[in-house]
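Just start_13.cif here, mmCIF, C-alpha atoms:
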```cif
data_final
loop_
_atom_site.label_atom_id
_atom_site.label_comp_id
_atom_site.auth_asym_id
_atom_site.auth_seq_id
_atom_site.Cartn_x
_atom_site.Cartn_y
_atom_site.Cartn_z
CA MET A 13 48.34 66.84 -18.43
CA LYS A 14 51.45 68.92 -19.19
CA ARG A 15 52.80 68.21 -15.71
CA TYR A 16 52.58 64.43 -16.32
CA GLY A 17 54.25 64.87 -19.68
CA LEU A 18 57.05 66.82 -18.04
CA TRP A 19 57.53 64.05 -15.47
CA PHE A 20 57.55 61.44 -18.26
CA ALA A 21 60.10 63.44 -20.24
CA SER A 22 62.31 63.98 -17.20
CA ALA A 23 62.21 60.27 -16.29
CA LEU A 24 63.10 59.31 -19.86
CA LEU A 25 66.11 61.61 -19.96
CA VAL A 26 67.30 60.54 -16.50
CA ALA A 27 66.96 56.87 -17.53
CA GLY A 28 69.03 57.55 -20.63
CA TRP A 29 71.69 59.22 -18.50
CA VAL A 30 71.71 56.79 -15.54
CA LEU A 31 71.20 53.48 -17.36
CA PRO A 32 74.75 53.45 -18.77
CA SER A 33 76.22 53.44 -15.25
CA VAL A 34 74.29 50.29 -14.28
CA GLN A 35 76.72 47.38 -14.60
CA ALA A 36 77.74 47.97 -18.20
CA GLY A 37 79.15 44.68 -19.45
CA GLU A 38 82.39 44.28 -21.31
CA GLY A 39 81.97 45.78 -24.78
CA ALA A 40 79.05 48.04 -23.76
CA ILE A 41 78.97 51.23 -25.81
CA GLN A 42 77.74 54.58 -24.54
CA GLN A 43 77.16 57.61 -26.77
CA LEU A 44 76.25 61.25 -26.39
CA GLY A 45 75.54 63.30 -29.46
CA VAL A 46 73.97 66.31 -31.13
CA PHE A 47 72.03 66.47 -34.38
CA GLY A 48 70.13 68.65 -36.80
CA ALA A 49 66.51 67.65 -37.36
CA TYR A 50 63.91 67.92 -40.14
CA GLN A 51 60.30 66.74 -39.85
CA ASP A 52 57.49 66.77 -42.42
CA ALA A 53 54.58 66.81 -39.99
CA GLY A 54 51.43 66.70 -42.12
CA ASP A 55 49.19 69.64 -41.15
CA LEU A 56 52.17 71.59 -39.73
CA ASP A 57 54.14 71.11 -42.96
CA GLN A 58 57.95 71.14 -42.59
CA GLY A 59 59.86 71.88 -39.40
CA LEU A 60 63.55 72.37 -38.68
CA GLY A 61 65.48 72.17 -35.43
CA GLY A 62 68.05 70.25 -33.48
CA GLY A 63 68.52 67.98 -30.52
CA ALA A 64 70.69 65.77 -28.36
CA HIS A 65 70.73 62.05 -27.69
CA CYS A 66 72.13 59.52 -25.23
CA THR A 67 72.51 55.91 -26.41
CA PHE A 68 73.48 52.85 -24.41
CA LEU A 69 74.24 49.65 -26.35
CA PHE A 70 74.27 46.95 -23.70
CA LEU A 71 73.62 43.61 -25.39
CA GLU A 72 75.53 41.84 -28.14
CA VAL A 73 72.84 39.60 -29.65
CA ALA A 74 75.16 38.05 -32.24
CA PRO A 75 78.65 38.87 -33.50
CA GLY A 76 78.47 42.44 -34.79
CA LEU A 77 74.81 42.94 -33.75
CA ASP A 78 74.27 45.24 -30.74
CA LEU A 79 70.98 46.07 -29.04
CA GLY A 80 70.36 49.06 -26.81
CA PHE A 81 68.28 52.06 -25.73
CA ASP A 82 68.31 55.61 -27.08
CA ALA A 83 66.85 58.67 -25.29
CA ARG A 84 66.65 62.01 -27.05
CA GLY A 85 65.21 65.48 -26.88
CA THR A 86 64.57 67.68 -29.92
CA TRP A 87 63.25 71.17 -30.64
CA LEU A 88 61.45 71.72 -33.97
CA THR A 89 59.98 74.98 -35.28
CA PHE A 90 57.15 75.15 -37.84
CA ASP A 91 56.45 78.43 -39.70
CA GLY A 92 52.80 79.55 -39.74
CA GLU A 93 53.05 80.91 -43.29
CA ASP A 94 53.74 77.40 -44.59
CA ASN A 95 51.26 75.20 -42.67
CA ASP A 96 47.51 74.41 -42.77
CA LEU A 97 46.96 75.89 -39.29
CA GLN A 98 48.42 79.33 -40.18
CA ALA A 99 50.22 79.32 -36.81
CA ASP A 100 53.84 79.31 -35.71
CA VAL A 101 54.33 76.17 -33.63
CA ASP A 102 57.23 74.73 -31.65
CA MET A 103 57.24 70.96 -31.11
CA ILE A 104 59.49 69.53 -28.39
CA PRO A 105 59.67 65.73 -28.61
CA VAL A 106 61.19 63.72 -25.77
CA GLU A 107 61.65 60.20 -27.12
CA GLY A 108 62.93 56.79 -26.14
CA SER A 109 63.55 53.82 -28.42
CA VAL A 110 65.03 50.39 -28.70
CA VAL A 111 67.82 50.37 -31.28
CA ALA A 112 69.76 47.63 -33.06
CA LEU A 113 73.08 48.29 -34.85
CA TYR A 114 74.90 45.83 -37.10
CA SER A 115 78.58 46.18 -38.05
CA ILE A 116 78.87 45.51 -41.77
CA ARG A 117 82.55 46.47 -41.80
CA GLU A 118 84.96 48.19 -39.42
CA GLY A 119 83.44 51.55 -38.45
CA THR A 120 80.24 51.29 -40.55
CA ARG A 121 76.98 50.31 -38.85
CA PRO A 122 73.45 50.52 -40.24
CA PHE A 123 70.75 50.65 -37.55
CA ILE A 124 67.02 50.41 -36.99
CA GLY A 125 64.89 51.45 -34.06
CA ALA A 126 61.35 51.95 -32.85
CA GLY A 127 59.94 53.80 -29.90
CA ALA A 128 57.57 56.28 -28.34
CA GLY A 129 57.75 59.83 -27.18
CA TYR A 130 55.88 62.62 -25.50
CA TYR A 131 55.42 65.63 -27.76
CA PHE A 132 55.10 69.07 -26.18
CA PHE A 133 53.62 71.92 -28.26
CA ASP A 134 53.93 75.67 -27.87
CA SER A 135 52.13 78.32 -29.95
CA ASP A 136 50.76 81.80 -29.34
CA GLU A 137 48.06 81.39 -32.02
CA ILE A 138 46.48 77.97 -31.30
CA ASP A 139 46.13 75.47 -28.46
CA ILE A 140 47.58 72.04 -29.37
CA ASP A 141 47.39 69.37 -26.67
CA ASP A 142 50.63 67.62 -25.74
CA GLU A 143 50.43 64.01 -26.94
CA VAL A 144 52.11 60.60 -26.98
CA GLY A 145 53.33 59.47 -30.41
CA PHE A 146 55.22 56.58 -31.97
CA PHE A 147 58.03 56.35 -34.50
CA ALA A 148 60.31 54.02 -36.43
CA ARG A 149 63.75 54.93 -37.73
CA ALA A 150 66.59 53.56 -39.84
CA GLY A 151 70.00 54.98 -40.56
CA LEU A 152 73.74 54.61 -40.86
CA GLU A 153 76.56 55.42 -38.44
CA GLN A 154 80.08 55.95 -39.76
CA GLN A 155 82.99 56.06 -37.31
CA LEU A 156 85.32 59.02 -37.96
CA SER A 157 87.85 58.31 -35.20
CA ALA A 158 88.16 56.04 -32.16
CA ASN A 159 85.45 57.95 -30.25
CA LEU A 160 83.66 60.11 -32.83
CA SER A 161 81.08 59.06 -35.40
CA LEU A 162 78.75 60.69 -37.91
CA PHE A 163 75.18 59.44 -38.24
CA ALA A 164 72.21 60.05 -40.53
CA GLU A 165 68.75 58.58 -40.15
CA ALA A 166 65.26 58.64 -41.63
CA LYS A 167 62.32 58.57 -39.23
CA TYR A 168 58.58 58.11 -39.64
CA LEU A 169 56.34 59.67 -36.98
CA TRP A 170 52.75 58.71 -36.05
CA LEU A 171 51.17 61.58 -34.09
CA GLU A 172 47.62 63.01 -34.00
CA PRO A 173 47.16 65.60 -31.23
CA GLU A 174 43.94 67.46 -30.52
CA VAL A 175 43.59 71.17 -31.33
CA GLU A 176 40.93 73.52 -30.01
CA GLY A 177 39.04 75.34 -32.76
CA PHE A 178 40.30 73.23 -35.66
CA SER A 179 37.82 71.29 -37.83
CA GLY A 180 37.63 67.76 -36.46
CA ASP A 181 39.55 68.85 -33.32
CA GLU A 182 42.44 66.57 -34.30
CA ILE A 183 45.34 67.27 -36.61
CA GLU A 184 47.48 64.74 -38.40
CA LEU A 185 51.21 65.16 -37.90
CA ASN A 186 52.24 61.79 -39.36
CA GLY A 187 55.24 62.14 -41.63
CA LEU A 188 58.78 61.43 -42.63
CA GLY A 189 61.72 63.15 -40.96
CA ALA A 190 65.50 63.06 -41.01
CA ASN A 191 68.26 63.63 -38.45
CA ALA A 192 72.01 63.95 -38.96
CA GLY A 193 74.72 64.63 -36.42
CA LEU A 194 77.79 63.60 -34.44
CA SER A 195 78.11 61.12 -31.58
CA PHE A 196 80.89 60.74 -29.02
CA SER A 197 81.39 57.16 -27.77
CA TRP A 198 83.20 55.67 -24.80
#
```
Take the structure in this file and express it as structure tokens.
Amino acid sequence: MKRYGLWFASALLVAGWVLPSVQAGEGAIQQLGVFGAYQDAGDLDQGLGGGAHCTFLFLEVAPGLDLGFDARGTWLTFDGEDNDLQADVDMIPVEGSVVALYSIREGTRPFIGAGAGYYFFDSDEIDIDDEVGFFARAGLEQQLSANLSLFAEAKYLWLEPEVEGFSGDEIELNGLGANAGLSFSW
């Protein structure tokens, strides 16, 4: 199962990297960025980490409204002293989403998105199965210069992986998260 998840994650990242080179129309926007991440993940409590993203905005639906694809990878760490499982856990989401950004004024763009990801887990204390999850997000991007912007977003995650030896064999990791970081556009 982990091998298939690794292939899925690799394909998602390659698509996010290659897609921008496929006949980008006039006005297409490409971004690479880094961000800090926070996730309240139910039974795992609160995790902190960081990640990177690649965004390709390829379709202007209406004046000021752009539609595109975002691929990202994140690394989150959950402390065993703070969670219901009493185990240190690393969660490595590899996610892809459709995103829509709307320019409300020069350099300021709120956005929404929804997507799916494959969530890898690593722990020395428990065995959590890697799992597919879904999320929705909303945020704001503020341009700082011609090619640099700051973004902040809220994200809700739906994820319920199986765990060996845990009552019910399934844990609930649904919860609200937040990301903030910098993006470079060209």
| request: Work out how far atom CA of A:Gly189 is from atom CA of A:Pro173, in Å to one decimal. | output: 17.7 Å
| Excluding same-chain residues fewer than 4 positions from A:Asp94, what lies within 12 Å of it counting only C-alpha atoms, as a PyMOL selection string? | chain A and resi 52-59+89-90+98-101
Axis-aligned box for stretch 156-160 of chain A, 6 Å per side, centre and edges in Å as lines of an AutoDock Vina configuration file:
```
center_x = 85.9
center_y = 58.1
center_z = -34.1
size_x = 16.5
size_y = 16.1
size_z = 19.7
```
| task | To verify the selection step, state as a list in words which residues the PyMOL selection byres ((chain A and resi 188) around 9) yields on this input. | result |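 So the PyMOL selection byres ((chain A and resi 188) around 9) ends up selecting Tyr50, Gln51, Asp52, Ala53, Ala166, Lys167, Tyr168, Leu169, Asn186, Gly187, Gly189 and Ala190 of chain A.
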Who sits within 10 Å of A:Glu153, all atoms listed in the file, same chain under 3 positions skipped, as an mmCIF file with C-alpha atoms, in the frame of the given file:
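After the write, around_35.cif holds the following:
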```cif
data_model
loop_
_atom_site.group_PDB
_atom_site.id
_atom_site.type_symbol
_atom_site.label_atom_id
_atom_site.label_comp_id
_atom_site.auth_asym_id
_atom_site.auth_seq_id
_atom_site.Cartn_x
_atom_site.Cartn_y
_atom_site.Cartn_z
ATOM 1 C CA LEU A 113 73.080 48.290 -34.850
ATOM 2 C CA TYR A 114 74.900 45.830 -37.100
ATOM 3 C CA SER A 115 78.580 46.180 -38.050
ATOM 4 C CA GLY A 119 83.440 51.550 -38.450
ATOM 5 C CA THR A 120 80.240 51.290 -40.550
ATOM 6 C CA ARG A 121 76.980 50.310 -38.850
ATOM 7 C CA PRO A 122 73.450 50.520 -40.240
ATOM 8 C CA PHE A 123 70.750 50.650 -37.550
ATOM 9 C CA LEU A 156 85.320 59.020 -37.960
ATOM 10 C CA SER A 161 81.080 59.060 -35.400
ATOM 11 C CA LEU A 162 78.750 60.690 -37.910
ATOM 12 C CA PHE A 163 75.180 59.440 -38.240
ATOM 13 C CA ALA A 164 72.210 60.050 -40.530
ATOM 14 C CA GLU A 165 68.750 58.580 -40.150
ATOM 15 C CA ALA A 192 72.010 63.950 -38.960
ATOM 16 C CA GLY A 193 74.720 64.630 -36.420
ATOM 17 C CA LEU A 194 77.790 63.600 -34.440
ATOM 18 C CA SER A 195 78.110 61.120 -31.580
#
```
| Hey, which of A:Ala112, A:Arg84, A:Cys66, A:Pro105 ends up closest to A:Tyr131? Count all atoms listed in the file. |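 Closest to A:Tyr131, using all atoms listed in the file: A:Pro105.
The coordinates place atom CA of A:Thr86 at 7.2 Å from atom CA of A:Gly61.
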| task | Apply the PyMOL selection byres ((chain A and resi 132-144) around 8) to the structure shown and report the selected residues as a list in words. | result |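 On this input, the PyMOL selection byres ((chain A and resi 132-144) around 8) captures Met13, Lys14, Gly17, Ala99, Asp100, Val101, Asp102, Met103, Ile104, Pro105, Ala128, Gly129, Tyr130, Tyr131, Gly145, Phe146, Leu171, Glu172, Pro173, Glu174, Val175 and Glu176 of chain A.
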| task | Name all residues at most 9 Å from A:Leu71 (count only C-alpha atoms; drop same-chain ones fewer than 2 positions away) and give them as a ChimeraX atom specification. | result | /A:37,39-40,69,73-74,77-80
| task | Using atom CA of A:Gly85 and atom CA of A:Gly108 as the two end points, give the distance in Å to one decimal. | result |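 Computing the Euclidean distance for atom CA of A:Gly85 and atom CA of A:Gly108 yields 9.0 Å.
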| query | Using only C-alpha atoms, which residues sit within 9 Å of A:Gln42 once same-chain residues fewer than 5 positions away are excluded, as a PyMOL selection string? | reply | chain A and resi 32+66-70+196-198
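Among the candidates A:Gly45, A:Glu118, A:Leu88, A:Glu182, the residue lying nearest to A:Ser157 is A:Glu118 (atoms considered: only C-alpha atoms).
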